[in-house]
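To keep things clear, I will list the structure first and then write my remarks on it.
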Amino acid sequence: MKPGVASIFSPTLAARFDVLVEKYPVKRSALIPMLLYAQDEAGYLSEAVIAEIARRLSLTELEVRNVASYYSMLRFKPAGRYNIQVCTNICCMLKGAYDVLDRFREELHIDPNGTTPDGLFSLEEVECIGACCWGPAIQVNYDFHDEIKPDHVPGIVGGYRGKAQAEGKK
Amino acid sequence: MTTRLGILRDSEQKMPDVTFTVDGKKLTAPAGTLLIDACRKAGIEIPAFCYYPGLSLQAACRMCVVRQEKVPKLQTACTTMVAEGQSFITESEEIAAARKGTIELLLGNHPLDCPVCDAGGECELQDMNFKYGAGESLYTEAKRHRDEQQWSPAVFYDRPRCILCYRCTRICGEGMDVWALGIENRNASSVIAPNLGNRLDCEQCGMCIDICPVGALTSGAYRYKTRPWEMNHVSTVCTHCGDGCKVTLGIRTSTEGAEIIRGDNRDKSGINNDFLCAKGRFGFDFVDHPDRLTKPLVRNSAGTLEPATWEHALRIAATKLKEIRDTRSGAAIGVIGSNRTTNEENYLLQKFARTVLGTNNIDHERTTDYAAFARALAGHPGKTATLREIGRAPAILLIGGDPTNEHPLLAWQIRTNVRLNRARLYIANSKPIKLDRQAKATQEIPAGGYKNLAEFLDSGQSDFSKAVLAEESLIVIFGEEFRSAAVDELVAWGLKRGNIRFAYLGDHSNSRGAADMGLFPDLLPGYVPVTAPGAFAEYPNLPSTHGRTLPQMFEAAANGELGALFVVGANPISRLELDPEALRDTLVIVQDLFLTETAALADVVLPAASLYEKSGTVTNSFGDVQLARKAADRPGVRPDFEILVRLAGAMGVDVKTLVPFAHGSVTGDLGQSRGAQAGEADRHSVWLEANGLEPKLSPFDSLALLDEIQRLVPGYAPSESFDRFSLFAGNDVPSELGNSPGFVPISTLRGPDLIAPNHDGLFTSATLGRYCRGLTELEQHQETVKEAVAAAD
């Protein structure tokens with residue numbers, strides 16, 4: 001990163017990127033980790049995020065978009081503060097993943113790929129998240145919840161709502 | 001990716017030959033050659049969508065699969081390198097089934113709109129489908145449709161038609177070094193994406209359209225206009241810059257004659273290989289511009305130009321020219337030639353000026369100092385570099401200029417040479433240029449510091465000069481920054497070093513030809529001084545004193561010393577910003593395509609055919625001579641050659657003295673006027689016979705004069721390399737500047753003020769460029785996207 005150009009990332013993340021860029025024999029190897037970290041902080045890959053990552057790696061923005069658009073876990077639109085990903089692949093499906101998904105829709109009043117008006121939750125139907133033995137499984141941001149029954153849903157949602165309030169008070 | 005290919009190429013050069021078997025045939029190729037290349041060389045065709053010679057390997061399409069002995073799965077021929085003793089099968093039921101399966105998958109979402117698709121009839125997917133017959137499909141799902149996108153005035157993208165071969169992304173990135181195309185999303189959702197989301201910010205060369213094997217990328221200039229089989233395809237030479245790309249024009253019969261529908265690089269046999277820029281591809285639409293002159297114009301008694309018949313216009317022009325010549329002598333007439341007319345036309349023009357009008361007052365709008373270059377090289381043949389040689393030279397020193405914008409083909413040749421052959425490029429320039437990215441070393445030159453460059457290099461002080469001096473052989477490319485004495489110094493430095501060859505850059509399609517053909521007040525064709533004793537002895541009435549330069553003609557006109565000015569395909573009023581008032585009392589005759597600022601002042605305007613509407617030879621900046629072929633046809637206009645012959649005829653000249661034509665041209669070309677040769681058998685027909693050529697039948701056949709040019713212009717003499725057979729077969733043949741006789745520099749006539757480079761960019765082309773609507777649109781598009789990008793930053 002050229003000195004004098006302001007970063008849109010937090011000082012911690014910017015410092016982390018400075019290290020990451022130097023870490024690999026080829027700069028662009030740092031691209032995917034950077035995209036993931038950036039998304040965690042900014043919530044999604046905005047134009048500004050893409051531009052800064054491109055600048056840091058001496059790539060064109062097109063190249064960054066080419067890579068980012070390949071991966072379904074990378075977003076170009078904001079998601080909720082808690083992004084609920086419900087696996088509906090075969091193991092989870094057989095154990096009732098669609099019932100769980102439907103329950104989330106009722107509870108949150110949104111469809112998959114939607115976000116609640118308060119921006120707190122978004123819902124996604126995803127492919128296998130690697131928890132087949134404990135299906136149905138869901139992932140909320142980086143937290144796993146497994147062997148879910150539809151009745152667990154209000155509790156999970158309530159838990160995150162409470163967490164958000166607690167964090168908000170701090 | 002580029003290095004991957006580089007390694008393959010390198011190994012290709014060094015590795016020993018190996019023998020392997022393909023379909024039972026023993027083949028030999030250097031170890032490490034790609035199987036697909038080795039097979040194609042041996043005449044065994046292996047189909048492929050993604051493989052493209054000269055680009056990095058993609059191995060994306062799976063069409064080139066072959067069976068290799070002892071290998072369990074089918075292998076891709078585009079990534080298999082041959083080795084001793086291998087055995088391959090390239091066609092079998094198994095392979096046909098695999099390829100059929102691939103096509104079936106490709107057709108999964110591909111629309112079946114061949115009847116309306118631009119590529120229908122020249123589509124590689126269509127051909128493969130016919131060959132492997134994937135007419136039926138197991139897929140019953142609905143095809144996924146997505147709307148077509150327009151990325152720029154030139155480039156449209158039809159997403160469902162795309163088979164994702166990545167040819168366009170690679171030619172744009174690796175080939176053009178623009179990197180404006182990429183792939184977004186994955187597998188069935190993948191699409192090609194331009195750099196600005198839905199718009200393209202690039203050089204608009206259109207190479208992606210040409211290289212697309214299907215109809216996914218289509219051209220704004222051509223789409224939905226016709227079908228490929230309804231056109232005739234004429235390969236000719238581009239009329240724009242001085243690089244001389246071969247362009248294939250798609251011609252269709254129209255109510256007016258023959259119109260140009262498309263420009264592309266169809267046969268790839270030219271000096272430009274795969275390359276063609278926006279001007280070559282889209283800059284042909286001036287031919288049917290509404291402002292195109294199609295009738296001669298004569299100024300009437302009221303002082304306005306009004307349409308006239310050819311006979312009337314020629315009679316007026318001829319009578320007045322003759323009158324001025326006879327009453328005020330040839331010195332009262334000035335002639336200005338063109339940078340875009342053919343060699344034969346330029347030669348004829350100076351012959352007409354010198355032998356019919358009796359004047360050496362002939363010049364052209366000089367874009368660079370070829371005369372100085374010829375003078376510096378005189379007596380040193382073999383010291384110029386052709387464009388093809390630049391494409392394979394081990395080391396190149398590029399001084400000044402900006403080839404990417406002003407000489408796009410040269411830039412392509414250099415880039416490709418660096419990429420594929422690891423040529424070493426050295427750049428000395430006063431400003432950063434795009435080619436710096438390919439350079440091994442760059443040297444910033446202070447403004448106006450080019451003249452000290454040889455000294456700087458010789459000093460060997462910097463790493464740059466050390467590296468340049470260490471090269472075993474070097475091609476030095478320079479342009480109008482060097483003029484007059486500076487050219488002499490640089491060339492002398494190179495000749496002294498011995499291992500250096502040169503290329504000197506000029507602006508337009510035949511600027512070099514105009515210089516070679518003697519459109520100079522002091523130099524005859526081949527840079528022979530008019531003052532040289534016995535020069536062109538066969539020219540009757542050749543004035544032996546030098547004439548006026550272009551600015552001097554305007555001065556003379558202002559002083560009332562110039563009775564007539566005859567301008568062929570030039571627009572000095574606008575271009576050199578000369579005062580139109582100077583021509584107040586001068587008879588002005590103009591031959592041109594449009595009513596330019598200069599033509600608007602004329603008393604007689606004769607509508608001329610463009611380079612796309614006539615035949616003849618042209619010489620590019622590098623001295624490569626190529627044949628331009630007549631493609632389009634327009635009623636009303638005449639080639640400049642024909643106009644000149646008819647003008648001479650109307651002046652009462654026996655035109656056979658100008659153009660040797662008709663069998664037994666002896667009657668017209670007896671040689672009585674040839675001094676020492678008087679009374680001898682006609683030298684020209686003897687020469688023709690000795691070279692196995694036939695006299696031409698028509699006085700308007702410009703190639704009749706190519707014979708005379710080859711006989712009289714040393715650099716164009718028939719030789720092993722300047723081979724008529726090769727030239728007429730559509731190849732570029734090198735002329736030889738070093739064959740010109742040495743002569744005394746006439747400093748009074750030269751001087752930097754005579755050189756006016758035009759610095760045309762990617763979308764401009766002097767006066768002609770104004771009438772290329774497609775190029776104007778592209779330029780506006782680029783300005784808009786540049787503004788959008790700047791605003792976003």
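Numbering starts fresh at 1 for the residues of each chain in the structure tokens, the chains themselves are lettered A, B, ... in the order given, and ligands are numbered from 1 as they appear.
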
### Task
Please return, as an MDAnalysis selection string, all residues of chain B lying within 8 Å of chain A when only C-alpha atoms are considered.
chainID B and resid 180:186 193:196

### Query
So which residues touch stretch 611-618 of chain B within 7 Å, counting only C-alpha atoms, skipping near sequence neighbours fewer than 2 positions away, as a ChimeraX atom specification?
/B:239,341-344,510,513,609,620,625-633,639,702-703

Atoms to include: C-alpha atoms. Write the selected residues as a PDB file, in the first residue's frame.
```pdb
ATOM      1  CA  THR B 239      -5.276   3.022 -45.339  1.00  0.00           C
ATOM      2  CA  THR B 341      -2.069   7.205 -52.547  1.00  0.00           C
ATOM      3  CA  THR B 342      -0.223   4.228 -53.983  1.00  0.00           C
ATOM      4  CA  ASN B 343       3.412   4.085 -55.022  1.00  0.00           C
ATOM      5  CA  GLU B 344       2.385   3.955 -58.670  1.00  0.00           C
ATOM      6  CA  ASN B 510       2.114   5.431 -47.691  1.00  0.00           C
ATOM      7  CA  GLY B 513       6.091   5.441 -50.439  1.00  0.00           C
ATOM      8  CA  ALA B 609     -11.113   6.753 -55.083  1.00  0.00           C
ATOM      9  CA  ASN B 620       4.929   1.016 -44.829  1.00  0.00           C
ATOM     10  CA  VAL B 625       5.953  -3.178 -49.841  1.00  0.00           C
ATOM     11  CA  GLN B 626       2.483  -4.692 -50.093  1.00  0.00           C
ATOM     12  CA  LEU B 627      -0.201  -4.956 -52.723  1.00  0.00           C
ATOM     13  CA  ALA B 628      -3.421  -3.086 -52.043  1.00  0.00           C
ATOM     14  CA  ARG B 629      -6.347  -4.635 -53.843  1.00  0.00           C
ATOM     15  CA  LYS B 630      -9.509  -2.995 -55.022  1.00  0.00           C
ATOM     16  CA  ALA B 631     -12.322  -3.917 -52.680  1.00  0.00           C
ATOM     17  CA  ALA B 632     -15.204  -1.437 -52.837  1.00  0.00           C
ATOM     18  CA  ASP B 633     -16.637   0.306 -55.837  1.00  0.00           C
ATOM     19  CA  PRO B 639      -8.506   6.302 -58.837  1.00  0.00           C
ATOM     20  CA  SER B 702      -1.394   1.329 -62.363  1.00  0.00           C
ATOM     21  CA  LEU B 703       0.714  -1.794 -62.135  1.00  0.00           C
TER      22      LEU B 703
END
```

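Note that the spacing between atom CA of B:Ala331 and atom CA of B:Val528 amounts to 20.1 Å.
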
### Message
If we count only C-alpha atoms and set the cut-off at 6 Å, which residues sit around stretch 444-452 of chain B, ignoring sequence neighbours fewer than 2 positions away in its own chain? Please answer as a PyMOL selection string.
### Response
chain B and resi 428-430+454-455+486

### Message
From a backbone DSSP assignment, name each residue in stretch 473-505 of chain B labelled strand (DSSP E), as a ChimeraX atom specification.
### Response
/B:474-478,500-504

What does the file look like for those residues with N, CA and C atoms, as a tab-separated table (two decimals), in the first residue's frame?
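What landed in again.tsv:
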```
chain	number	residue	atom	x	y	z
B	474	LEU	N	21.10	-5.58	-32.65
B	474	LEU	CA	20.12	-4.66	-32.09
B	474	LEU	C	19.35	-4.01	-33.23
B	475	ILE	N	18.03	-3.86	-33.02
B	475	ILE	CA	17.25	-3.05	-33.95
B	475	ILE	C	16.90	-1.76	-33.24
B	476	VAL	N	17.22	-0.64	-33.86
B	476	VAL	CA	16.94	0.66	-33.27
B	476	VAL	C	15.73	1.26	-33.99
B	477	ILE	N	14.69	1.56	-33.21
B	477	ILE	CA	13.47	2.13	-33.79
B	477	ILE	C	13.33	3.55	-33.29
B	478	PHE	N	13.20	4.48	-34.22
B	478	PHE	CA	13.06	5.87	-33.82
B	478	PHE	C	12.10	6.57	-34.77
B	500	ILE	N	23.88	-3.04	-35.87
B	500	ILE	CA	22.62	-2.34	-35.63
B	500	ILE	C	21.87	-2.14	-36.93
B	501	ARG	N	20.57	-2.41	-36.87
B	501	ARG	CA	19.69	-2.08	-37.99
B	501	ARG	C	18.62	-1.12	-37.51
B	502	PHE	N	17.98	-0.45	-38.48
B	502	PHE	CA	17.11	0.67	-38.09
B	502	PHE	C	15.70	0.53	-38.63
B	503	ALA	N	14.78	1.17	-37.91
B	503	ALA	CA	13.45	1.40	-38.45
B	503	ALA	C	13.09	2.83	-38.08
B	504	TYR	N	12.56	3.55	-39.07
B	504	TYR	CA	12.27	4.97	-38.88
B	504	TYR	C	10.78	5.17	-39.13
```

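Pairwise distance (atom CA of B:His240, atom CA of B:Lys279) equals 6.8 Å.
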
### Message
Considering only C-alpha atoms, can you say which of B:Gly270, B:Gly280, B:Gly54, B:Gly460 comes closest to B:Asn731?
### Response
B:Gly270

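The space separating atom CA of B:Asp177 from atom CA of B:Asp463 comes to 26.4 Å.
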
### Task
Would you mind writing down, as a PyMOL selection string, each residue of stretch 394-499 of chain B that DSSP on the backbone assigns to helix (DSSP H, G or I)?
chain B and resi 403-406+408-421+434-438+450-459+463-469+485-497

Saved selection, atoms kept: C-alpha atoms, as an mmCIF file, in the first residue's frame:
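Once written, again-v4.cif looks like this:
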```cif
data_model
loop_
_atom_site.group_PDB
_atom_site.id
_atom_site.type_symbol
_atom_site.label_atom_id
_atom_site.label_comp_id
_atom_site.auth_asym_id
_atom_site.auth_seq_id
_atom_site.Cartn_x
_atom_site.Cartn_y
_atom_site.Cartn_z
ATOM 1 C CA PRO B 403 3.925 2.949 -30.598
ATOM 2 C CA THR B 404 0.900 1.712 -28.642
ATOM 3 C CA ASN B 405 -1.097 4.700 -29.853
ATOM 4 C CA GLU B 406 0.652 5.773 -33.005
ATOM 5 C CA PRO B 408 -0.271 -0.201 -32.883
ATOM 6 C CA LEU B 409 1.104 -3.035 -35.000
ATOM 7 C CA LEU B 410 4.688 -2.172 -34.118
ATOM 8 C CA ALA B 411 3.678 -2.222 -30.441
ATOM 9 C CA TRP B 412 2.037 -5.616 -30.956
ATOM 10 C CA GLN B 413 5.140 -7.001 -32.683
ATOM 11 C CA ILE B 414 7.381 -5.806 -29.869
ATOM 12 C CA ARG B 415 5.064 -7.073 -27.131
ATOM 13 C CA THR B 416 4.651 -10.447 -28.789
ATOM 14 C CA ASN B 417 8.370 -10.758 -29.349
ATOM 15 C CA VAL B 418 9.077 -10.022 -25.693
ATOM 16 C CA ARG B 419 6.365 -12.426 -24.544
ATOM 17 C CA LEU B 420 7.085 -15.374 -26.801
ATOM 18 C CA ASN B 421 10.765 -15.030 -27.597
ATOM 19 C CA LYS B 434 2.738 1.714 -22.116
ATOM 20 C CA LEU B 435 5.481 -0.427 -23.659
ATOM 21 C CA ASP B 436 7.635 0.321 -20.593
ATOM 22 C CA ARG B 437 5.874 -2.674 -19.041
ATOM 23 C CA GLN B 438 7.629 -4.955 -21.517
ATOM 24 C CA TYR B 450 17.377 12.801 -27.996
ATOM 25 C CA LYS B 451 20.193 14.265 -30.024
ATOM 26 C CA ASN B 452 22.733 13.333 -27.370
ATOM 27 C CA LEU B 453 21.539 9.759 -27.148
ATOM 28 C CA ALA B 454 24.320 8.121 -29.185
ATOM 29 C CA GLU B 455 26.891 9.911 -27.082
ATOM 30 C CA PHE B 456 25.106 8.859 -23.901
ATOM 31 C CA LEU B 457 25.023 5.215 -25.008
ATOM 32 C CA ASP B 458 28.657 5.232 -26.074
ATOM 33 C CA SER B 459 29.746 6.610 -22.730
ATOM 34 C CA ASP B 463 23.370 0.358 -16.595
ATOM 35 C CA PHE B 464 21.057 1.173 -19.469
ATOM 36 C CA SER B 465 23.810 2.023 -21.913
ATOM 37 C CA LYS B 466 25.922 -0.905 -20.738
ATOM 38 C CA ALA B 467 23.055 -3.287 -21.393
ATOM 39 C CA VAL B 468 22.361 -1.795 -24.821
ATOM 40 C CA LEU B 469 26.040 -1.899 -25.813
ATOM 41 C CA ALA B 485 21.396 15.988 -39.003
ATOM 42 C CA ALA B 486 20.155 14.080 -35.932
ATOM 43 C CA VAL B 487 19.174 11.167 -38.189
ATOM 44 C CA ASP B 488 22.627 11.228 -39.754
ATOM 45 C CA GLU B 489 24.297 11.136 -36.358
ATOM 46 C CA LEU B 490 22.200 8.294 -34.997
ATOM 47 C CA VAL B 491 22.553 6.215 -38.152
ATOM 48 C CA ALA B 492 26.287 6.917 -38.330
ATOM 49 C CA TRP B 493 26.597 5.710 -34.726
ATOM 50 C CA GLY B 494 24.751 2.503 -35.623
ATOM 51 C CA LEU B 495 26.735 1.899 -38.791
ATOM 52 C CA LYS B 496 29.947 2.368 -36.854
ATOM 53 C CA ARG B 497 28.895 -0.208 -34.308
#
```

### Query
Using only C-alpha atoms, which residues sit within 12 Å of B:Cys39 once same-chain residues fewer than 6 positions away are excluded, as a list in words?
Phe20, Thr21, Val22, Asp23, Lys25, Lys26, Leu27, Thr28, Ala29, Thr33, Glu45, Ile46, Pro47, Cys64, Val66, Ala77, Cys78, Thr80, Met81, Val82, Phe88, Ile89 and Thr90 of chain B

Would you export the selected residues with C-alpha atoms as an mmCIF file, in the first residue's frame, please?
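Produced file selection03.cif, reproduced below:
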```cif
data_model
loop_
_atom_site.group_PDB
_atom_site.id
_atom_site.type_symbol
_atom_site.label_atom_id
_atom_site.label_comp_id
_atom_site.auth_asym_id
_atom_site.auth_seq_id
_atom_site.Cartn_x
_atom_site.Cartn_y
_atom_site.Cartn_z
ATOM 1 C CA PHE B 20 6.411 -40.439 -32.183
ATOM 2 C CA THR B 21 3.411 -42.015 -33.847
ATOM 3 C CA VAL B 22 0.091 -40.329 -34.562
ATOM 4 C CA ASP B 23 -2.668 -42.390 -36.159
ATOM 5 C CA LYS B 25 2.071 -42.110 -39.001
ATOM 6 C CA LYS B 26 5.617 -41.508 -37.789
ATOM 7 C CA LEU B 27 6.103 -37.845 -36.965
ATOM 8 C CA THR B 28 9.177 -35.930 -35.896
ATOM 9 C CA ALA B 29 9.227 -32.743 -33.849
ATOM 10 C CA THR B 33 6.409 -29.476 -28.791
ATOM 11 C CA GLU B 45 -6.261 -31.508 -37.563
ATOM 12 C CA ILE B 46 -7.163 -31.724 -33.931
ATOM 13 C CA PRO B 47 -10.197 -29.627 -33.051
ATOM 14 C CA CYS B 64 -8.663 -31.785 -28.359
ATOM 15 C CA VAL B 66 -6.708 -37.881 -27.901
ATOM 16 C CA ALA B 77 -3.450 -32.594 -27.138
ATOM 17 C CA CYS B 78 -3.015 -28.905 -26.309
ATOM 18 C CA THR B 80 0.616 -32.911 -24.059
ATOM 19 C CA MET B 81 4.238 -32.428 -24.947
ATOM 20 C CA VAL B 82 5.663 -34.945 -27.366
ATOM 21 C CA PHE B 88 -1.379 -41.388 -30.182
ATOM 22 C CA ILE B 89 -4.743 -41.938 -31.796
ATOM 23 C CA THR B 90 -6.554 -38.716 -32.699
#
```

Which residues are near stretch 283-292 of chain B? Cut-off 8 Å, only C-alpha atoms, ignore same chain within fewer than 6 positions. Put them as a PDB file with N, CA and C atoms, in the first residue's frame.
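Result written to part-v6.pdb:
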```
ATOM      1  N   GLU B 259     -20.192  -2.343 -51.657  1.00  0.00           N
ATOM      2  CA  GLU B 259     -19.993  -1.636 -50.398  1.00  0.00           C
ATOM      3  C   GLU B 259     -19.193  -2.499 -49.423  1.00  0.00           C
ATOM      4  N   ILE B 260     -18.502  -1.822 -48.530  1.00  0.00           N
ATOM      5  CA  ILE B 260     -17.735  -2.540 -47.516  1.00  0.00           C
ATOM      6  C   ILE B 260     -18.648  -2.748 -46.313  1.00  0.00           C
ATOM      7  N   GLY B 263     -14.722  -4.974 -41.740  1.00  0.00           N
ATOM      8  CA  GLY B 263     -13.272  -5.028 -41.816  1.00  0.00           C
ATOM      9  C   GLY B 263     -12.811  -5.978 -40.737  1.00  0.00           C
ATOM     10  N   LEU B 593     -11.020  12.832 -51.558  1.00  0.00           N
ATOM     11  CA  LEU B 593     -12.238  12.082 -51.267  1.00  0.00           C
ATOM     12  C   LEU B 593     -13.352  13.004 -50.789  1.00  0.00           C
ATOM     13  N   PHE B 594     -12.929  14.068 -50.105  1.00  0.00           N
ATOM     14  CA  PHE B 594     -13.893  14.945 -49.451  1.00  0.00           C
ATOM     15  C   PHE B 594     -13.575  16.392 -49.787  1.00  0.00           C
ATOM     16  N   LEU B 595     -14.561  17.254 -49.536  1.00  0.00           N
ATOM     17  CA  LEU B 595     -14.338  18.671 -49.732  1.00  0.00           C
ATOM     18  C   LEU B 595     -13.606  19.210 -48.500  1.00  0.00           C
ATOM     19  N   SER B 610     -10.667   5.958 -52.836  1.00  0.00           N
ATOM     20  CA  SER B 610      -9.808   5.739 -51.679  1.00  0.00           C
ATOM     21  C   SER B 610      -8.936   4.511 -51.929  1.00  0.00           C
ATOM     22  N   LEU B 768      -8.713  12.228 -42.950  1.00  0.00           N
ATOM     23  CA  LEU B 768      -9.559  11.065 -43.246  1.00  0.00           C
ATOM     24  C   LEU B 768     -10.304  10.594 -41.999  1.00  0.00           C
ATOM     25  N   GLY B 769      -9.631  10.685 -40.849  1.00  0.00           N
ATOM     26  CA  GLY B 769     -10.216  10.209 -39.610  1.00  0.00           C
ATOM     27  C   GLY B 769     -11.514  10.922 -39.238  1.00  0.00           C
ATOM     28  N   TYR B 771     -13.850  11.574 -41.066  1.00  0.00           N
ATOM     29  CA  TYR B 771     -14.989  11.000 -41.778  1.00  0.00           C
ATOM     30  C   TYR B 771     -15.232   9.547 -41.394  1.00  0.00           C
ATOM     31  N   CYS B 772     -14.473   9.042 -40.419  1.00  0.00           N
ATOM     32  CA  CYS B 772     -14.680   7.670 -39.946  1.00  0.00           C
ATOM     33  C   CYS B 772     -15.598   7.756 -38.737  1.00  0.00           C
ATOM     34  N   ARG B 773     -16.897   7.591 -38.953  1.00  0.00           N
ATOM     35  CA  ARG B 773     -17.866   7.785 -37.870  1.00  0.00           C
ATOM     36  C   ARG B 773     -17.670   6.766 -36.750  1.00  0.00           C
ATOM     37  N   GLY B 774     -17.322   5.538 -37.158  1.00  0.00           N
ATOM     38  CA  GLY B 774     -17.120   4.483 -36.159  1.00  0.00           C
ATOM     39  C   GLY B 774     -15.999   4.844 -35.192  1.00  0.00           C
ATOM     40  N   LEU B 775     -14.931   5.427 -35.735  1.00  0.00           N
ATOM     41  CA  LEU B 775     -13.791   5.783 -34.887  1.00  0.00           C
ATOM     42  C   LEU B 775     -14.149   6.941 -33.965  1.00  0.00           C
TER      43      LEU B 775
END
```

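The residue that comes closest to B:Ala374, out of B:Tyr157, B:Tyr224, B:Phe725, B:Tyr527 and on the basis of only C-alpha atoms, is B:Tyr527.
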
### Message
Taking 6 positions as the minimum chain separation for residues in the same chain, which residues sit within 10 Å of B:Asp723 when counting only C-alpha atoms? Answer as a PyMOL selection string.
### Response
chain B and resi 716-717+729+731-734
